[in-house]
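> Contents of model_15.json (JSON, C-alpha atoms) are given next:
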[["chain", "number", "residue", "atom", "x", "y", "z"],
["A", 1, "MET", "CA", 0.00, 0.00, 0.00],
["A", 2, "ASP", "CA", 1.05, 3.60, -0.60],
["A", 3, "ARG", "CA", 2.68, 5.36, 2.29],
["A", 4, "LEU", "CA", 0.19, 7.91, 3.61],
["A", 5, "LYS", "CA", 0.93, 11.52, 4.48],
["A", 6, "LEU", "CA", -1.41, 12.61, 7.26],
["A", 7, "LYS", "CA", -2.15, 16.29, 7.81],
["A", 8, "THR", "CA", -1.68, 16.61, 11.56],
["A", 9, "VAL", "CA", -2.14, 19.28, 14.24],
["A", 10, "LEU", "CA", -0.69, 18.66, 17.71],
["A", 11, "GLY", "CA", 0.44, 21.15, 20.31],
["A", 12, "SER", "CA", 4.06, 21.41, 21.39],
["A", 13, "HIS", "CA", 3.72, 19.14, 24.39],
["A", 14, "PRO", "CA", 6.78, 17.45, 25.95],
["A", 15, "HIS", "CA", 5.28, 13.99, 25.48],
["A", 16, "VAL", "CA", 4.88, 14.42, 21.69],
["A", 17, "ARG", "CA", 8.32, 15.94, 21.11],
["A", 18, "ALA", "CA", 9.82, 12.71, 19.76],
["A", 19, "VAL", "CA", 7.04, 12.41, 17.18],
["A", 20, "LYS", "CA", 7.08, 16.06, 16.14],
["A", 21, "SER", "CA", 10.87, 16.09, 15.78],
["A", 22, "GLY", "CA", 10.79, 13.02, 13.52],
["A", 23, "GLU", "CA", 12.82, 10.99, 16.01],
["A", 24, "LEU", "CA", 9.95, 8.50, 16.16],
["A", 25, "ARG", "CA", 8.39, 7.52, 12.83],
["A", 26, "SER", "CA", 6.07, 4.90, 11.42],
["A", 27, "ASP", "CA", 6.65, 2.48, 8.55],
["A", 28, "LEU", "CA", 3.06, 3.04, 7.39],
["A", 29, "PHE", "CA", 2.65, 6.82, 7.28],
["A", 30, "ASP", "CA", 4.22, 10.23, 7.73],
["A", 31, "LEU", "CA", 2.74, 12.91, 9.96],
["A", 32, "ASP", "CA", 2.71, 16.22, 8.09],
["A", 33, "PHE", "CA", 2.55, 18.72, 10.95],
["A", 34, "ILE", "CA", 0.68, 21.98, 10.49],
["A", 35, "THR", "CA", 1.19, 24.66, 13.14],
["A", 36, "TYR", "CA", -1.77, 26.42, 14.73],
["A", 37, "THR", "CA", -1.06, 28.88, 17.55],
["A", 38, "PRO", "CA", -2.80, 28.51, 19.87],
["A", 39, "THR", "CA", -3.69, 24.90, 19.08],
["A", 40, "ASN", "CA", -7.38, 25.48, 19.84],
["A", 41, "THR", "CA", -7.70, 27.55, 16.66],
["A", 42, "ALA", "CA", -7.48, 24.27, 14.71],
["A", 43, "PHE", "CA", -10.55, 22.80, 16.40],
["A", 44, "LYS", "CA", -13.12, 24.78, 14.40],
["A", 45, "PRO", "CA", -11.82, 23.77, 10.93],
["A", 46, "MET", "CA", -11.47, 20.16, 12.11],
["A", 47, "VAL", "CA", -15.05, 20.02, 13.36],
["A", 48, "ARG", "CA", -16.60, 21.96, 10.51],
["A", 49, "GLU", "CA", -14.53, 20.80, 7.53],
["A", 50, "GLN", "CA", -12.47, 17.78, 8.72],
["A", 51, "ALA", "CA", -9.53, 19.88, 7.56],
["A", 52, "PHE", "CA", -6.89, 17.49, 8.93],
["A", 53, "ASP", "CA", -6.43, 13.74, 9.20],
["A", 54, "VAL", "CA", -5.25, 13.82, 12.82],
["A", 55, "CYS", "CA", -5.96, 16.67, 15.22],
["A", 56, "GLU", "CA", -5.70, 17.49, 18.89],
["A", 57, "MET", "CA", -9.15, 18.43, 20.15],
["A", 58, "ALA", "CA", -10.77, 19.63, 23.36],
["A", 59, "ILE", "CA", -12.97, 16.90, 24.79],
["A", 60, "VAL", "CA", -16.11, 19.06, 25.11],
["A", 61, "THR", "CA", -15.70, 20.12, 21.48],
["A", 62, "TYR", "CA", -15.56, 16.44, 20.56],
["A", 63, "LEU", "CA", -18.62, 15.56, 22.68],
["A", 64, "MET", "CA", -20.60, 18.33, 21.00],
["A", 65, "ALA", "CA", -19.32, 17.31, 17.57],
["A", 66, "LYS", "CA", -20.47, 13.75, 18.25],
["A", 67, "ALA", "CA", -23.90, 15.00, 19.33],
["A", 68, "HIS", "CA", -24.22, 16.73, 15.94],
["A", 69, "GLY", "CA", -23.04, 13.77, 13.88],
["A", 70, "LYS", "CA", -19.63, 15.09, 12.84],
["A", 71, "PRO", "CA", -17.49, 12.35, 11.18],
["A", 72, "LEU", "CA", -14.73, 12.26, 13.78],
["A", 73, "VAL", "CA", -13.28, 9.36, 15.74],
["A", 74, "LEU", "CA", -11.77, 9.83, 19.21],
["A", 75, "LEU", "CA", -8.46, 8.29, 20.30],
["A", 76, "PRO", "CA", -7.88, 7.71, 24.05],
["A", 77, "ALA", "CA", -4.65, 9.72, 23.88],
["A", 78, "THR", "CA", -4.60, 12.74, 26.17],
["A", 79, "MET", "CA", -2.57, 15.68, 24.94],
["A", 80, "LEU", "CA", -3.39, 18.12, 27.75],
["A", 81, "GLY", "CA", -4.71, 17.53, 31.25],
["A", 82, "ARG", "CA", -4.57, 19.97, 34.14],
["A", 83, "PHE", "CA", -6.28, 20.91, 37.35],
["A", 84, "GLN", "CA", -8.60, 23.79, 36.62],
["A", 85, "HIS", "CA", -8.84, 25.81, 39.83],
["A", 86, "ALA", "CA", -6.12, 28.31, 38.79],
["A", 87, "TYR", "CA", -8.05, 29.30, 35.64],
["A", 88, "ALA", "CA", -10.59, 31.60, 37.28],
["A", 89, "LEU", "CA", -9.89, 35.22, 38.21],
["A", 90, "TYR", "CA", -11.55, 38.28, 39.70],
["A", 91, "ASN", "CA", -10.58, 41.94, 40.13],
["A", 92, "ARG", "CA", -9.46, 42.58, 43.72],
["A", 93, "ALA", "CA", -10.30, 46.31, 43.37],
["A", 94, "ARG", "CA", -13.98, 45.43, 43.59],
["A", 95, "GLY", "CA", -13.67, 43.56, 46.87],
["A", 96, "THR", "CA", -13.13, 39.92, 47.70],
["A", 97, "LEU", "CA", -14.96, 37.42, 45.50],
["A", 98, "GLY", "CA", -15.10, 33.67, 46.05],
["A", 99, "PRO", "CA", -16.62, 30.72, 44.17],
["A", 100, "THR", "CA", -19.92, 30.97, 46.03],
["A", 101, "ASP", "CA", -20.30, 34.69, 45.23],
["A", 102, "LEU", "CA", -20.79, 34.40, 41.46],
["A", 103, "GLU", "CA", -24.59, 34.25, 41.30],
["A", 104, "GLY", "CA", -25.86, 37.54, 39.89],
["A", 105, "LYS", "CA", -22.38, 38.50, 38.66],
["A", 106, "ARG", "CA", -21.06, 39.14, 35.13],
["A", 107, "VAL", "CA", -18.60, 36.37, 34.27],
["A", 108, "GLY", "CA", -16.58, 36.36, 31.07],
["A", 109, "ILE", "CA", -15.47, 33.27, 29.18],
["A", 110, "ARG", "CA", -13.84, 32.97, 25.76],
["A", 111, "SER", "CA", -16.64, 30.72, 24.53],
["A", 112, "PHE", "CA", -19.34, 29.10, 26.64],
["A", 113, "THR", "CA", -18.38, 25.72, 25.17],
["A", 114, "THR", "CA", -14.69, 25.68, 26.13],
["A", 115, "THR", "CA", -13.58, 22.56, 27.97],
["A", 116, "THR", "CA", -11.86, 24.52, 30.74],
["A", 117, "GLY", "CA", -15.09, 26.48, 31.21],
["A", 118, "ALA", "CA", -17.13, 23.29, 31.39],
["A", 119, "TRP", "CA", -14.78, 21.81, 33.99],
["A", 120, "ILE", "CA", -14.82, 24.93, 36.17],
["A", 121, "ARG", "CA", -18.59, 25.37, 35.90],
["A", 122, "GLY", "CA", -18.99, 21.72, 36.86],
["A", 123, "ILE", "CA", -16.79, 22.26, 39.91],
["A", 124, "LEU", "CA", -18.71, 25.40, 40.87],
["A", 125, "ALA", "CA", -22.08, 23.68, 40.54],
["A", 126, "ASN", "CA", -21.27, 20.29, 42.02],
["A", 127, "ASP", "CA", -18.70, 21.17, 44.69],
["A", 128, "TYR", "CA", -19.80, 24.69, 45.69],
["A", 129, "GLY", "CA", -23.55, 24.60, 45.01],
["A", 130, "VAL", "CA", -23.47, 27.52, 42.56],
["A", 131, "ASN", "CA", -26.57, 27.94, 40.40],
["A", 132, "LEU", "CA", -25.00, 28.48, 36.98],
["A", 133, "ASP", "CA", -28.26, 29.84, 35.56],
["A", 134, "ARG", "CA", -28.01, 32.81, 37.93],
["A", 135, "ILE", "CA", -24.70, 33.94, 36.45],
["A", 136, "HIS", "CA", -24.71, 36.55, 33.66],
["A", 137, "TRP", "CA", -22.35, 35.03, 31.09],
["A", 138, "VAL", "CA", -20.42, 37.14, 28.58],
["A", 139, "THR", "CA", -18.70, 35.37, 25.66],
["A", 140, "PHE", "CA", -16.12, 36.47, 23.10],
["A", 141, "GLU", "CA", -15.96, 33.75, 20.42],
["A", 142, "ASP", "CA", -18.26, 31.45, 18.47],
["A", 143, "PRO", "CA", -18.45, 27.79, 19.49],
["A", 144, "HIS", "CA", -16.37, 25.37, 17.42],
["A", 145, "VAL", "CA", -19.55, 23.42, 16.67],
["A", 146, "ALA", "CA", -21.66, 25.74, 14.51],
["A", 147, "GLU", "CA", -24.98, 24.11, 15.46],
["A", 148, "TYR", "CA", -24.71, 25.18, 19.11],
["A", 149, "VAL", "CA", -26.70, 28.35, 19.78],
["A", 150, "ASP", "CA", -24.90, 30.60, 22.27],
["A", 151, "THR", "CA", -27.53, 32.57, 24.20],
["A", 152, "ALA", "CA", -25.01, 34.45, 26.37],
["A", 153, "GLU", "CA", -24.29, 38.15, 25.95],
["A", 154, "ARG", "CA", -21.58, 38.70, 23.32],
["A", 155, "ALA", "CA", -18.83, 41.12, 24.27],
["A", 156, "PRO", "CA", -18.20, 43.98, 21.82],
["A", 157, "LYS", "CA", -15.75, 42.92, 19.09],
["A", 158, "ASP", "CA", -13.05, 45.36, 20.17],
["A", 159, "LYS", "CA", -13.04, 44.13, 23.78],
["A", 160, "LYS", "CA", -10.52, 41.73, 25.33],
["A", 161, "ILE", "CA", -11.58, 39.46, 28.17],
["A", 162, "LEU", "CA", -8.85, 40.30, 30.71],
["A", 163, "GLN", "CA", -9.01, 44.02, 29.96],
["A", 164, "MET", "CA", -12.76, 43.98, 30.61],
["A", 165, "LEU", "CA", -12.04, 42.38, 33.99],
["A", 166, "ILE", "CA", -9.36, 44.96, 34.78],
["A", 167, "ASP", "CA", -11.75, 47.74, 33.74],
["A", 168, "SER", "CA", -14.48, 46.34, 36.05],
["A", 169, "GLU", "CA", -16.76, 45.55, 33.11],
["A", 170, "LEU", "CA", -16.74, 41.94, 34.31],
["A", 171, "ASP", "CA", -16.79, 40.59, 37.85],
["A", 172, "ALA", "CA", -14.83, 37.43, 37.08],
["A", 173, "VAL", "CA", -13.50, 35.38, 34.17],
["A", 174, "LEU", "CA", -13.09, 31.64, 33.63],
["A", 175, "GLY", "CA", -10.41, 29.94, 31.56],
["A", 176, "GLU", "CA", -7.75, 32.62, 31.98],
["A", 177, "THR", "CA", -4.59, 33.24, 33.98],
["A", 178, "SER", "CA", -2.73, 36.51, 34.49],
["A", 179, "ASP", "CA", 0.19, 37.93, 36.45],
["A", 180, "ASN", "CA", -1.51, 41.33, 36.66],
["A", 181, "PRO", "CA", -1.40, 42.31, 40.37],
["A", 182, "LYS", "CA", -4.96, 43.65, 40.16],
["A", 183, "LEU", "CA", -6.30, 40.16, 39.44],
["A", 184, "LYS", "CA", -6.61, 37.38, 41.99],
["A", 185, "PRO", "CA", -7.62, 33.69, 41.72],
["A", 186, "LEU", "CA", -11.30, 33.05, 42.41],
["A", 187, "PHE", "CA", -10.30, 29.98, 44.43],
["A", 188, "PRO", "CA", -8.18, 31.48, 47.25],
["A", 189, "ASP", "CA", -5.48, 28.77, 47.12],
["A", 190, "PRO", "CA", -5.91, 27.05, 43.74],
["A", 191, "ALA", "CA", -3.27, 24.36, 44.35],
["A", 192, "ALA", "CA", -4.75, 23.39, 47.72],
["A", 193, "GLU", "CA", -8.29, 23.41, 46.30],
["A", 194, "ALA", "CA", -7.16, 21.23, 43.39],
["A", 195, "ALA", "CA", -5.46, 18.78, 45.76],
["A", 196, "LYS", "CA", -8.62, 18.48, 47.89],
["A", 197, "TRP", "CA", -10.75, 18.07, 44.76],
["A", 198, "TYR", "CA", -8.48, 15.32, 43.44],
["A", 199, "ALA", "CA", -8.51, 13.55, 46.81],
["A", 200, "ARG", "CA", -12.31, 13.57, 46.71],
["A", 201, "ARG", "CA", -12.85, 12.81, 43.01],
["A", 202, "GLY", "CA", -9.77, 10.84, 42.01],
["A", 203, "VAL", "CA", -10.00, 12.45, 38.56],
["A", 204, "VAL", "CA", -7.46, 14.30, 36.43],
["A", 205, "PRO", "CA", -9.43, 16.84, 34.34],
["A", 206, "VAL", "CA", -8.45, 16.01, 30.76],
["A", 207, "ASN", "CA", -8.76, 18.92, 28.33],
["A", 208, "HIS", "CA", -7.43, 17.78, 24.96],
["A", 209, "LEU", "CA", -7.36, 14.34, 23.37],
["A", 210, "VAL", "CA", -6.85, 13.40, 19.70],
["A", 211, "VAL", "CA", -9.35, 12.78, 16.90],
["A", 212, "VAL", "CA", -9.00, 11.38, 13.40],
["A", 213, "THR", "CA", -11.46, 11.58, 10.53],
["A", 214, "LYS", "CA", -14.06, 8.86, 10.24],
["A", 215, "GLN", "CA", -12.90, 8.35, 6.66],
["A", 216, "LEU", "CA", -9.36, 7.50, 7.81],
["A", 217, "ALA", "CA", -10.60, 5.23, 10.62],
["A", 218, "GLY", "CA", -12.90, 3.39, 8.21],
["A", 219, "SER", "CA", -10.41, 2.99, 5.36],
["A", 220, "ARG", "CA", -7.18, 2.45, 7.29],
["A", 221, "PRO", "CA", -7.77, 1.24, 10.86],
["A", 222, "ASP", "CA", -4.20, -0.06, 10.84],
["A", 223, "VAL", "CA", -2.93, 3.49, 10.31],
["A", 224, "VAL", "CA", -5.15, 4.86, 13.09],
["A", 225, "ALA", "CA", -3.82, 2.19, 15.47],
["A", 226, "GLY", "CA", -0.33, 3.14, 14.31],
["A", 227, "VAL", "CA", -0.92, 6.82, 15.10],
["A", 228, "TYR", "CA", -2.03, 5.89, 18.61],
["A", 229, "ASP", "CA", 0.95, 3.56, 19.12],
["A", 230, "LEU", "CA", 3.36, 6.25, 17.91],
["A", 231, "LEU", "CA", 1.91, 8.81, 20.33],
["A", 232, "LYS", "CA", 2.08, 6.28, 23.15],
["A", 233, "GLN", "CA", 5.72, 5.49, 22.37],
["A", 234, "SER", "CA", 6.49, 9.19, 22.35],
["A", 235, "LYS", "CA", 4.91, 9.59, 25.78],
["A", 236, "GLU", "CA", 6.92, 6.65, 27.13],
["A", 237, "GLN", "CA", 10.12, 8.06, 25.65],
["A", 238, "ALA", "CA", 9.49, 11.38, 27.43],
["A", 239, "GLY", "CA", 10.09, 9.68, 30.78],
["A", 240, "PRO", "CA", 8.04, 8.45, 33.73],
["A", 241, "ALA", "CA", 4.57, 9.94, 34.04],
["A", 242, "ALA", "CA", 3.86, 12.36, 36.85],
["A", 243, "THR", "CA", 1.67, 11.30, 39.77],
["A", 244, "PRO", "CA", -1.14, 11.70, 39.05],
["A", 245, "ASP", "CA", -0.64, 11.18, 35.31],
["A", 246, "LEU", "CA", -1.95, 14.34, 33.65],
["A", 247, "VAL", "CA", -1.91, 12.81, 30.15],
["A", 248, "PRO", "CA", -3.46, 9.35, 30.52],
["A", 249, "PHE", "CA", -3.53, 6.96, 27.56],
["A", 250, "GLY", "CA", -6.05, 4.18, 27.04],
["A", 251, "ILE", "CA", -9.80, 3.94, 27.52],
["A", 252, "GLU", "CA", -9.64, 2.66, 31.09],
["A", 253, "ALA", "CA", -7.10, 5.28, 32.15],
["A", 254, "ASN", "CA", -9.40, 7.99, 30.76],
["A", 255, "ARG", "CA", -12.69, 6.47, 31.94],
["A", 256, "LYS", "CA", -13.20, 8.47, 35.14],
["A", 257, "PRO", "CA", -12.37, 11.89, 33.67],
["A", 258, "LEU", "CA", -14.51, 11.14, 30.62],
["A", 259, "GLU", "CA", -17.45, 10.07, 32.77],
["A", 260, "LEU", "CA", -17.20, 13.25, 34.81],
["A", 261, "ILE", "CA", -16.87, 15.68, 31.88],
["A", 262, "ILE", "CA", -19.79, 13.92, 30.16],
["A", 263, "ASP", "CA", -21.81, 14.53, 33.34],
["A", 264, "TYR", "CA", -20.81, 18.19, 33.45],
["A", 265, "ALA", "CA", -21.46, 18.73, 29.73],
["A", 266, "PHE", "CA", -24.92, 17.19, 30.06],
["A", 267, "GLN", "CA", -25.74, 19.24, 33.17],
["A", 268, "GLN", "CA", -24.77, 22.39, 31.25],
["A", 269, "ALA", "CA", -26.92, 21.46, 28.21],
["A", 270, "LEU", "CA", -23.88, 21.20, 25.93],
["A", 271, "ILE", "CA", -24.87, 17.67, 24.90],
["A", 272, "PRO", "CA", -28.38, 16.14, 24.72],
["A", 273, "ARG", "CA", -27.71, 13.06, 26.87],
["A", 274, "ARG", "CA", -25.09, 11.31, 28.93],
["A", 275, "TYR", "CA", -22.96, 9.11, 26.70],
["A", 276, "ALA", "CA", -21.43, 5.87, 27.94],
["A", 277, "VAL", "CA", -17.65, 6.03, 27.62],
["A", 278, "GLU", "CA", -17.74, 3.13, 25.15],
["A", 279, "GLU", "CA", -19.95, 5.20, 22.84],
["A", 280, "LEU", "CA", -17.15, 7.71, 22.37],
["A", 281, "PHE", "CA", -14.93, 5.15, 20.62],
["A", 282, "ASP", "CA", -15.70, 3.16, 17.49],
["A", 283, "GLU", "CA", -14.80, -0.49, 17.00],
["A", 284, "THR", "CA", -11.39, 0.34, 15.50],
["A", 285, "ILE", "CA", -10.41, 2.11, 18.74],
["A", 286, "ARG", "CA", -11.82, -0.08, 21.51],
["A", 287, "GLY", "CA", -8.91, -2.52, 21.39],
["A", 288, "LEU", "CA", -6.31, 0.18, 22.04],
["A", 289, "ASN", "CA", -4.81, 0.38, 25.51]]
Please render this file's structure as structure tokens.

Amino acid sequence: MDRLKLKTVLGSHPHVRAVKSGELRSDLFDLDFITYTPTNTAFKPMVREQAFDVCEMAIVTYLMAKAHGKPLVLLPATMLGRFQHAYALYNRARGTLGPTDLEGKRVGIRSFTTTTGAWIRGILANDYGVNLDRIHWVTFEDPHVAEYVDTAERAPKDKKILQMLIDSELDAVLGETSDNPKLKPLFPDPAAEAAKWYARRGVVPVNHLVVVTKQLAGSRPDVVAGVYDLLKQSKEQAGPAATPDLVPFGIEANRKPLELIIDYAFQQALIPRRYAVEELFDETIRGLN
């Protein structure tokens, strides 16, 4: 068979360095890397046009794409996982604000459908009892999945999310970090809060995994398995995983975070029902570990 060249978008993560440098290669295919900065700007063309063969993708974007029948196949290969408590800020000039103080406030978020936003909203609702419907949401970008109707207020086109927070046009923002001394974390000690949350949940919040086109998975399942194996080798070559492993590979290793983000996405009306984890993977993927 002809050697395939796969248009590929992956972020510059330490555990994919060996693949992106060409140090690790396959006998079946070549990965033709296309740079998108930031990586999330590739998600929209992948969802809407299947613009690449292999693409890093935020898990909530994938869940929503699945709900709308997009021809994408998920690989259980995490590219980015992180604890989310540090990605929420408020302006200290307006007085102290904590997680339970957000009802009735104006809260900015890049897009309502971002995965970081879904994780933090899930934490706010399920761990702090916040009624998300009582928050006045302000968004700045369209969802990656065109069919989703964003009913939040849209910020003026010339406005930037952190500047609006600094200018007191927003009370808080989700999904952002900043070293501006005027801005403080919404969770008073994010690292301690994350540690307590992990002790209670036992879940690493995965943000980005990898998808391939349904056409590739259907026509060359051997190549798709090869892509997964190459990424797994690259991770292993990068050295021992941290504890907890922030970039789990395999369906079982990702089961708990996937179950939880499915729950959160359903609670937030981003998807129409709770999917079983097995439903996220087609038959060509379920044997991968």
> Please determine, counting all atoms listed in the file, which residue among A:Ala18, A:Leu209, A:Leu89, A:Ala51 has the shortest atom-to-atom distance to A:Glu236.
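That would be A:Ala18, the residue with the smallest distance to A:Glu236.
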> Have a look at A:Ala194, A:Gly122, A:Lys5, A:Asp53 and name the one nearest to A:Asp27; count only C-alpha atoms.
A:Lys5
> Between atom CA of A:Ala65 and atom CA of A:Phe112, what distance in Å does the model show, to one decimal?
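Atom CA of A:Ala65 sits 14.9 Å away from atom CA of A:Phe112.
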> For a test of reading the model, state the distance in Å between atom CA of A:Ala269 and atom CA of A:Gln163, rounded to one decimal.
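Between atom CA of A:Ala269 and atom CA of A:Gln163 the gap is 28.9 Å.
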> Report as AutoDock Vina command-line options the centre and the edge lengths, in Å to one decimal, of the axis-aligned box holding every listed atom of stretch 10-17 of chain A, padded by 4 Å on each side.

--center_x 3.8 --center_y 17.7 --center_z 21.8 --size_x 17.0 --size_y 15.4 --size_z 16.2
> List the residues sitting within 10 Å of (-13.2, 43.5, 43.5) in the file's frame, using all atoms listed in the file, as a PyMOL selection string.
chain A and resi 90-97+165-166+168+170-172+182-184
> Excluding A:Arg273 and residues on its chain fewer than 2 positions from it, collect all residues at most 12 Å away from it, counting all atoms listed in the file, and give them as a PDB file with C-alpha atoms, in the coordinates of the input.

ATOM      1  CA  LEU A  63     -18.620  15.560  22.680  1.00  0.00           C
ATOM      2  CA  MET A  64     -20.600  18.330  21.000  1.00  0.00           C
ATOM      3  CA  LYS A  66     -20.470  13.750  18.250  1.00  0.00           C
ATOM      4  CA  ALA A  67     -23.900  15.000  19.330  1.00  0.00           C
ATOM      5  CA  ILE A 262     -19.790  13.920  30.160  1.00  0.00           C
ATOM      6  CA  ASP A 263     -21.810  14.530  33.340  1.00  0.00           C
ATOM      7  CA  TYR A 264     -20.810  18.190  33.450  1.00  0.00           C
ATOM      8  CA  ALA A 265     -21.460  18.730  29.730  1.00  0.00           C
ATOM      9  CA  PHE A 266     -24.920  17.190  30.060  1.00  0.00           C
ATOM     10  CA  GLN A 267     -25.740  19.240  33.170  1.00  0.00           C
ATOM     11  CA  GLN A 268     -24.770  22.390  31.250  1.00  0.00           C
ATOM     12  CA  ALA A 269     -26.920  21.460  28.210  1.00  0.00           C
ATOM     13  CA  LEU A 270     -23.880  21.200  25.930  1.00  0.00           C
ATOM     14  CA  ILE A 271     -24.870  17.670  24.900  1.00  0.00           C
ATOM     15  CA  TYR A 275     -22.960   9.110  26.700  1.00  0.00           C
ATOM     16  CA  ALA A 276     -21.430   5.870  27.940  1.00  0.00           C
ATOM     17  CA  GLU A 279     -19.950   5.200  22.840  1.00  0.00           C
TER      18      GLU A 279
END
> Where does stretch 30-144 of chain A meet stretch 196-208 of chain A within 12 Å, residue by residue, with the nearest atom pair and distance in Å to one decimal for each, counting only C-alpha atoms, listed by chain and rising number, as JSON lines?

{"residue": "A:Thr39", "atom": "CA", "partner": "A:His208", "partner_atom": "CA", "distance": 10.0}
{"residue": "A:Asn40", "atom": "CA", "partner": "A:His208", "partner_atom": "CA", "distance": 9.2}
{"residue": "A:Phe43", "atom": "CA", "partner": "A:His208", "partner_atom": "CA", "distance": 10.4}
{"residue": "A:Cys55", "atom": "CA", "partner": "A:His208", "partner_atom": "CA", "distance": 9.9}
{"residue": "A:Glu56", "atom": "CA", "partner": "A:His208", "partner_atom": "CA", "distance": 6.3}
{"residue": "A:Met57", "atom": "CA", "partner": "A:His208", "partner_atom": "CA", "distance": 5.1}
{"residue": "A:Ala58", "atom": "CA", "partner": "A:His208", "partner_atom": "CA", "distance": 4.1}
{"residue": "A:Ile59", "atom": "CA", "partner": "A:His208", "partner_atom": "CA", "distance": 5.6}
{"residue": "A:Val60", "atom": "CA", "partner": "A:Asn207", "partner_atom": "CA", "distance": 8.0}
{"residue": "A:Thr61", "atom": "CA", "partner": "A:His208", "partner_atom": "CA", "distance": 9.3}
{"residue": "A:Tyr62", "atom": "CA", "partner": "A:His208", "partner_atom": "CA", "distance": 9.3}
{"residue": "A:Leu63", "atom": "CA", "partner": "A:His208", "partner_atom": "CA", "distance": 11.6}
{"residue": "A:Leu74", "atom": "CA", "partner": "A:His208", "partner_atom": "CA", "distance": 10.7}
{"residue": "A:Leu75", "atom": "CA", "partner": "A:His208", "partner_atom": "CA", "distance": 10.6}
{"residue": "A:Pro76", "atom": "CA", "partner": "A:His208", "partner_atom": "CA", "distance": 10.1}
{"residue": "A:Ala77", "atom": "CA", "partner": "A:His208", "partner_atom": "CA", "distance": 8.6}
{"residue": "A:Thr78", "atom": "CA", "partner": "A:His208", "partner_atom": "CA", "distance": 5.9}
{"residue": "A:Met79", "atom": "CA", "partner": "A:His208", "partner_atom": "CA", "distance": 5.3}
{"residue": "A:Leu80", "atom": "CA", "partner": "A:His208", "partner_atom": "CA", "distance": 4.9}
{"residue": "A:Gly81", "atom": "CA", "partner": "A:Val206", "partner_atom": "CA", "distance": 4.1}
{"residue": "A:Arg82", "atom": "CA", "partner": "A:Pro205", "partner_atom": "CA", "distance": 5.8}
{"residue": "A:Phe83", "atom": "CA", "partner": "A:Pro205", "partner_atom": "CA", "distance": 6.0}
{"residue": "A:Gln84", "atom": "CA", "partner": "A:Pro205", "partner_atom": "CA", "distance": 7.4}
{"residue": "A:His85", "atom": "CA", "partner": "A:Trp197", "partner_atom": "CA", "distance": 9.4}
{"residue": "A:Thr114", "atom": "CA", "partner": "A:Asn207", "partner_atom": "CA", "distance": 9.3}
{"residue": "A:Thr115", "atom": "CA", "partner": "A:Asn207", "partner_atom": "CA", "distance": 6.1}
{"residue": "A:Thr116", "atom": "CA", "partner": "A:Asn207", "partner_atom": "CA", "distance": 6.8}
{"residue": "A:Gly117", "atom": "CA", "partner": "A:Asn207", "partner_atom": "CA", "distance": 10.3}
{"residue": "A:Ala118", "atom": "CA", "partner": "A:Asn207", "partner_atom": "CA", "distance": 9.9}
{"residue": "A:Trp119", "atom": "CA", "partner": "A:Pro205", "partner_atom": "CA", "distance": 7.3}
{"residue": "A:Ile120", "atom": "CA", "partner": "A:Pro205", "partner_atom": "CA", "distance": 9.9}
{"residue": "A:Gly122", "atom": "CA", "partner": "A:Pro205", "partner_atom": "CA", "distance": 11.0}
{"residue": "A:Ile123", "atom": "CA", "partner": "A:Trp197", "partner_atom": "CA", "distance": 8.8}
{"residue": "A:Leu124", "atom": "CA", "partner": "A:Trp197", "partner_atom": "CA", "distance": 11.5}
{"residue": "A:Asn126", "atom": "CA", "partner": "A:Trp197", "partner_atom": "CA", "distance": 11.1}
{"residue": "A:Asp127", "atom": "CA", "partner": "A:Trp197", "partner_atom": "CA", "distance": 8.5}
{"residue": "A:Tyr128", "atom": "CA", "partner": "A:Trp197", "partner_atom": "CA", "distance": 11.3}
> For atom CA of A:Leu31 and atom CA of A:Leu72, quote the distance in Å rounded to one decimal.
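About the pair atom CA of A:Leu31 and atom CA of A:Leu72: they are 17.9 Å apart.
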> Skip stretch 220-226 of chain A itself and residues of its chain fewer than 5 positions away, then list as a PyMOL selection string all residues within 9 Å of it, counting all atoms listed in the file.
chain A and resi 4+26+28-29+54+75+212+215+231+284-285+288
> With C-alpha atoms retained, could you export that selection as a PDB file, in the frame of the given file?

ATOM      1  CA  LEU A   4       0.190   7.910   3.610  1.00  0.00           C
ATOM      2  CA  SER A  26       6.070   4.900  11.420  1.00  0.00           C
ATOM      3  CA  LEU A  28       3.060   3.040   7.390  1.00  0.00           C
ATOM      4  CA  PHE A  29       2.650   6.820   7.280  1.00  0.00           C
ATOM      5  CA  VAL A  54      -5.250  13.820  12.820  1.00  0.00           C
ATOM      6  CA  LEU A  75      -8.460   8.290  20.300  1.00  0.00           C
ATOM      7  CA  VAL A 212      -9.000  11.380  13.400  1.00  0.00           C
ATOM      8  CA  GLN A 215     -12.900   8.350   6.660  1.00  0.00           C
ATOM      9  CA  LEU A 231       1.910   8.810  20.330  1.00  0.00           C
ATOM     10  CA  THR A 284     -11.390   0.340  15.500  1.00  0.00           C
ATOM     11  CA  ILE A 285     -10.410   2.110  18.740  1.00  0.00           C
ATOM     12  CA  LEU A 288      -6.310   0.180  22.040  1.00  0.00           C
TER      13      LEU A 288
END
